[in-house]
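Here is the structure we will look at.
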Amino acid sequence: MDFSMNEEQKALQKMALEFAEKEMKPNASKYDRGEEFPDEIMKKAFDVGFITCEIPSEYGGGGLNHLDTVIISEELAAGCAGMYTTIMASSLAFTPIILFGSEEQKKKFLTPFTQKLSYASFCLTEREAGSDAGALKTKAQKKGSEYVINGSKCFITNGGLASLYVVFAKTDPQKGARGISAFIVPRETPGLTVGKTEDKMGHRASNTAELFFDDVKVPQENLLGKEGIGFLIAMKTLDSTRAPVGAAGVGVARTALDHAVDYARTRTQFGKPIALFQHNAFKISQMATQINAARHLVRHAAWLMDQEKPCGKESAMAKFYGSDVAMNVTTQALQMFGGYGYMKDYPMEKLMRDAKLLQIYEGTNEIQKLVISREIVGPIKKK
Ligand code: COS
């Protein structure tokens, strides 16, 4: 086993860390408070290639593998989880095209993202179909050489800004999950409208919106793969994008621990720095150990993907453990700050709010546990 990073990965990590320190951290609070979209930072993120880092190089992207991506994800989320979400949400929408798109679709739909800053959205979730993704109700009816899409989607990251949407819809409602298909829908398509922008607890520098599809017509060339494999496309995509969410958890937790250690070294109570109290020393050790364990799970899942080995269980483990560590560490670290941790003048409360969403999006942690247990237990015949 070799846990060391190669020279390229070290350079990537350095670049992402410097970007997070210089561009993200100093501006994180401003964009969070105003729930403002960080246009300026995203322009810079585009220029250095983060937004298109996963698009294969033949279409103009960075062509990074999964291990590279989780290394970057940790650094960017350590800078600001909201901005990280904006950057990586486009990758979530690129992934189904990368995995299942034809050569023509990849050229036509991925290349423009590498030439000019724009965003993409992955549109699976609906009001009545969150964890139960197979129950989605948006329909796509074949009429001649077109599909006509009707329905709505919610909680769509980049939803209000995207120039391209990957939309999951039922082409055969009788067939349940096997009746779902995936479509590439450009923003300017008539009938596609953006609804309410959500006012969120955390990740406030990211845009989350509702979408409506009212007789939205797309040519049959925009179908990804073939009819009926939409659910498989969504699941394969999520298998490959969940480890980066775990990595984001590691990044958020790491920043919280760094602040807590700095504070504990300098804050004096009862005549000595609070880091010298055994209670805090134990907390610091536990937080650091959890962060290390989460990072290993994340990198192992990414490594499996790069080897094209099965990784559904490991990706789910990386996602749920990494985000649980973020929640636990931010809560413990805030507690060490006492009253100061609760105040908006300090970075701790934002980190704790941001950690929460990592336990929910890209599949709740309860869904991750279901995925893991199903693989361990295997099929059971009901009596
Ligand atoms: N890879 C390949 N195929 C998969 C798969 C995977 N990871 N997961 C499921 N499938 C296949 C199954 O093998 C099954 O195929 P068959 O119909 O050929 O038997 C089909 O998909 C249906 O699977 P299953 O019966 O397990 O579906 P369920 O409705 O029970 O749901 C979960 C499965 C819960 C895992 C799924 O609904 C899920 O991931 N939900 C969370 C959605 C989510 O993450 N939303 C976040 C929004 S995106 S930000």
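Numbering starts fresh at 1 for the residues of each chain in the structure tokens, the chains themselves are lettered A, B, ... in the order given, and ligands are numbered from 1 as they appear.
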All residues having an atom within 8 Å of ligand 1 (only C-alpha atoms and all ligand atoms) as a PyMOL selection string | chain A and resi 92+122-125+130-135+156-157+177-178+231-236+238-239+312+361-364+367-368+370-371
Residues of stretch 213-282 of chain A that have any atom at most 8 Å from an atom of stretch 320-327 of chain A: could you tabulate them with the shortest-distance atom pair and the distance in Å to one decimal, using only C-alpha atoms, ordered by chain and increasing number, as CSV?
```
residue,atom,partner,partner_atom,distance
A:Val245,CA,A:Ser323,CA,7.3
A:Gly246,CA,A:Gly322,CA,4.1
A:Ala247,CA,A:Gly322,CA,6.5
A:Ala248,CA,A:Gly322,CA,7.6
A:Gly249,CA,A:Ser323,CA,4.6
A:Val250,CA,A:Gly322,CA,5.7
A:Val252,CA,A:Ala326,CA,5.9
A:Ala253,CA,A:Ala326,CA,4.5
```
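Distance check against A:Glu221 using only C-alpha atoms: of A:Ser145, A:Ile291, A:Gln278, A:Asp199, the minimum falls on A:Ser145.
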Name all residues at most 7 Å from A:Phe183 (count only C-alpha atoms; drop same-chain ones fewer than 3 positions away) and give them as a PyMOL selection string.
-> chain A and resi 166-168+222-224
Contacts of stretch 200-209 of chain A at 6 Å (only C-alpha atoms; same-chain gap of 6+ positions) as a list in words | Tyr31, Asp32, Glu35, Glu36, Phe37, Ala81, Gly82, Met83, Thr86, Phe155, Ile156, Thr157, Asn158, Gly159, Gly160, Arg353 and Asp354 of chain A
Test item, alpha helix (DSSP H) assignment across stretch 56-102 of chain A, answer as a PyMOL selection string = chain A and resi 66-79+81-100
List as a tab-separated table every residue of stretch 272-383 of chain A that is in contact with stretch 2-21 of chain A, defined as an atom at most 10 Å from one of its atoms (using only C-alpha atoms), together with the nearest atom pair and the distance in Å rounded to one decimal, sorted by chain and then rising number.
```
residue	atom	partner	partner_atom	distance
A:His296	CA	A:Phe3	CA	8.8
A:Arg299	CA	A:Phe3	CA	9.0
A:His300	CA	A:Phe3	CA	9.5
```
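Neighbours of A:Gly49 closer than or equal to 12 Å, with only C-alpha atoms counted and sequence neighbours fewer than 5 positions away skipped, come out as Leu12, Met15, Ala16, Phe19, Met42, Lys43, Lys44, Glu54, Ile55, Ser57, Gly60, Gly61, Gly62, Gly63, Leu64, Thr69, Ile72, Ile87, Met88, Ser91, Phe113, Thr114, Gln115, Lys116 and Leu117 of chain A.
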Of the candidates A:Glu23, A:Glu146, A:Glu40, A:Asp68, which shows the shortest atom-to-atom distance to A:Asp215, using only C-alpha atoms?
-> A:Glu146
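Between atom CA of A:Ser152 and atom CA of A:Glu198 the separation is 15.0 Å.
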Would you mind listing what lies within 6 Å of A:Leu164 as a ChimeraX atom specification, with only C-alpha atoms counted and same-chain residues fewer than 2 positions away left out?
-> /A:120,162,185-187
Output for the residues just chosen: all heavy atoms as a short mmCIF file (atom, residue, chain, number, x, y, z; two decimals), in the first residue's frame:
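And here's again.cif as it stands now:
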```cif
data_model
loop_
_atom_site.label_atom_id
_atom_site.label_comp_id
_atom_site.auth_asym_id
_atom_site.auth_seq_id
_atom_site.Cartn_x
_atom_site.Cartn_y
_atom_site.Cartn_z
N ALA A 120 -23.71 23.87 -14.59
CA ALA A 120 -24.63 22.80 -14.97
C ALA A 120 -25.31 22.27 -13.71
O ALA A 120 -24.79 22.44 -12.60
CB ALA A 120 -23.86 21.68 -15.68
N ALA A 162 -27.74 27.71 -14.10
CA ALA A 162 -27.14 26.76 -15.05
C ALA A 162 -27.49 27.06 -16.50
O ALA A 162 -28.55 27.61 -16.81
CB ALA A 162 -27.59 25.34 -14.69
N VAL A 185 -30.85 18.95 -21.13
CA VAL A 185 -31.78 20.03 -21.47
C VAL A 185 -31.07 21.39 -21.37
O VAL A 185 -30.70 21.81 -20.28
CB VAL A 185 -33.00 20.02 -20.51
CG1 VAL A 185 -34.01 21.10 -20.91
CG2 VAL A 185 -33.66 18.65 -20.47
N PRO A 186 -30.87 22.07 -22.50
CA PRO A 186 -30.25 23.40 -22.44
C PRO A 186 -31.20 24.42 -21.79
O PRO A 186 -32.43 24.30 -21.90
CB PRO A 186 -30.01 23.76 -23.91
CG PRO A 186 -30.10 22.46 -24.65
CD PRO A 186 -31.06 21.61 -23.88
N ARG A 187 -30.62 25.39 -21.11
CA ARG A 187 -31.40 26.37 -20.35
C ARG A 187 -32.43 27.12 -21.20
O ARG A 187 -33.54 27.40 -20.78
CB ARG A 187 -30.43 27.37 -19.70
CG ARG A 187 -31.04 28.62 -19.11
CD ARG A 187 -31.90 28.27 -17.90
NE ARG A 187 -32.41 29.45 -17.23
CZ ARG A 187 -31.84 30.02 -16.18
NH1 ARG A 187 -30.72 29.53 -15.70
NH2 ARG A 187 -32.37 31.07 -15.61
#
```
Fewer than 2 positions away in the same chain doesn't count, so skip those; otherwise give me all residues within 12 Å of A:Thr189, counting only C-alpha atoms, as a ChimeraX atom specification.
-> /A:148-149,163-165,184-187,191-194,212-219
Among the residues A:Asn150, A:Gln141, A:Gln174, A:Ser240, the one that comes closest to A:Glu308 [using only C-alpha atoms] = A:Ser240
Test item, strand (DSSP E) assignment across stretch 137-209 of chain A, answer as a VMD selection string = chain A and resid 139 to 143 146 to 157 164 to 170 180 to 186 192 to 197 208 to 209
Could you save those same residues with C-alpha atoms as an mmCIF file, in the first residue's frame?
```cif
data_model
loop_
_atom_site.group_PDB
_atom_site.id
_atom_site.type_symbol
_atom_site.label_atom_id
_atom_site.label_comp_id
_atom_site.auth_asym_id
_atom_site.auth_seq_id
_atom_site.Cartn_x
_atom_site.Cartn_y
_atom_site.Cartn_z
ATOM 1 C CA LYS A 139 -42.591 12.631 -17.354
ATOM 2 C CA ALA A 140 -40.967 12.590 -20.765
ATOM 3 C CA GLN A 141 -43.234 11.505 -23.619
ATOM 4 C CA LYS A 142 -41.833 10.583 -27.000
ATOM 5 C CA LYS A 143 -43.548 12.537 -29.793
ATOM 6 C CA GLU A 146 -38.670 14.681 -29.720
ATOM 7 C CA TYR A 147 -39.329 14.099 -26.032
ATOM 8 C CA VAL A 148 -41.758 16.389 -24.241
ATOM 9 C CA ILE A 149 -40.919 16.880 -20.560
ATOM 10 C CA ASN A 150 -43.477 17.914 -17.932
ATOM 11 C CA GLY A 151 -42.970 18.146 -14.185
ATOM 12 C CA SER A 152 -40.836 19.875 -11.604
ATOM 13 C CA LYS A 153 -37.616 19.455 -9.633
ATOM 14 C CA CYS A 154 -36.525 20.922 -6.296
ATOM 15 C CA PHE A 155 -33.358 21.640 -4.291
ATOM 16 C CA ILE A 156 -31.342 21.861 -7.505
ATOM 17 C CA THR A 157 -27.826 23.191 -6.917
ATOM 18 C CA LEU A 164 -27.429 23.033 -18.990
ATOM 19 C CA TYR A 165 -29.504 20.564 -16.994
ATOM 20 C CA VAL A 166 -29.350 16.777 -16.827
ATOM 21 C CA VAL A 167 -32.959 15.863 -16.101
ATOM 22 C CA PHE A 168 -34.327 12.509 -14.951
ATOM 23 C CA ALA A 169 -37.886 11.765 -16.090
ATOM 24 C CA LYS A 170 -40.211 8.789 -16.499
ATOM 25 C CA ILE A 180 -36.679 6.416 -15.919
ATOM 26 C CA SER A 181 -34.565 8.060 -18.639
ATOM 27 C CA ALA A 182 -32.029 10.902 -18.531
ATOM 28 C CA PHE A 183 -32.062 13.954 -20.805
ATOM 29 C CA ILE A 184 -29.736 16.835 -21.533
ATOM 30 C CA VAL A 185 -31.780 20.034 -21.466
ATOM 31 C CA PRO A 186 -30.253 23.402 -22.437
ATOM 32 C CA LEU A 192 -38.205 25.561 -18.707
ATOM 33 C CA THR A 193 -38.590 28.057 -15.869
ATOM 34 C CA VAL A 194 -36.749 28.651 -12.633
ATOM 35 C CA GLY A 195 -38.869 28.935 -9.493
ATOM 36 C CA LYS A 196 -38.021 29.923 -5.957
ATOM 37 C CA THR A 197 -34.414 30.252 -4.841
ATOM 38 C CA THR A 208 -30.385 26.185 -4.849
ATOM 39 C CA ALA A 209 -33.575 26.507 -6.882
#
```
Would you work out the distance separating atom CA of A:Gly144 from atom CA of A:Gln220, expressed in Å to one decimal?
-> 8.8 Å
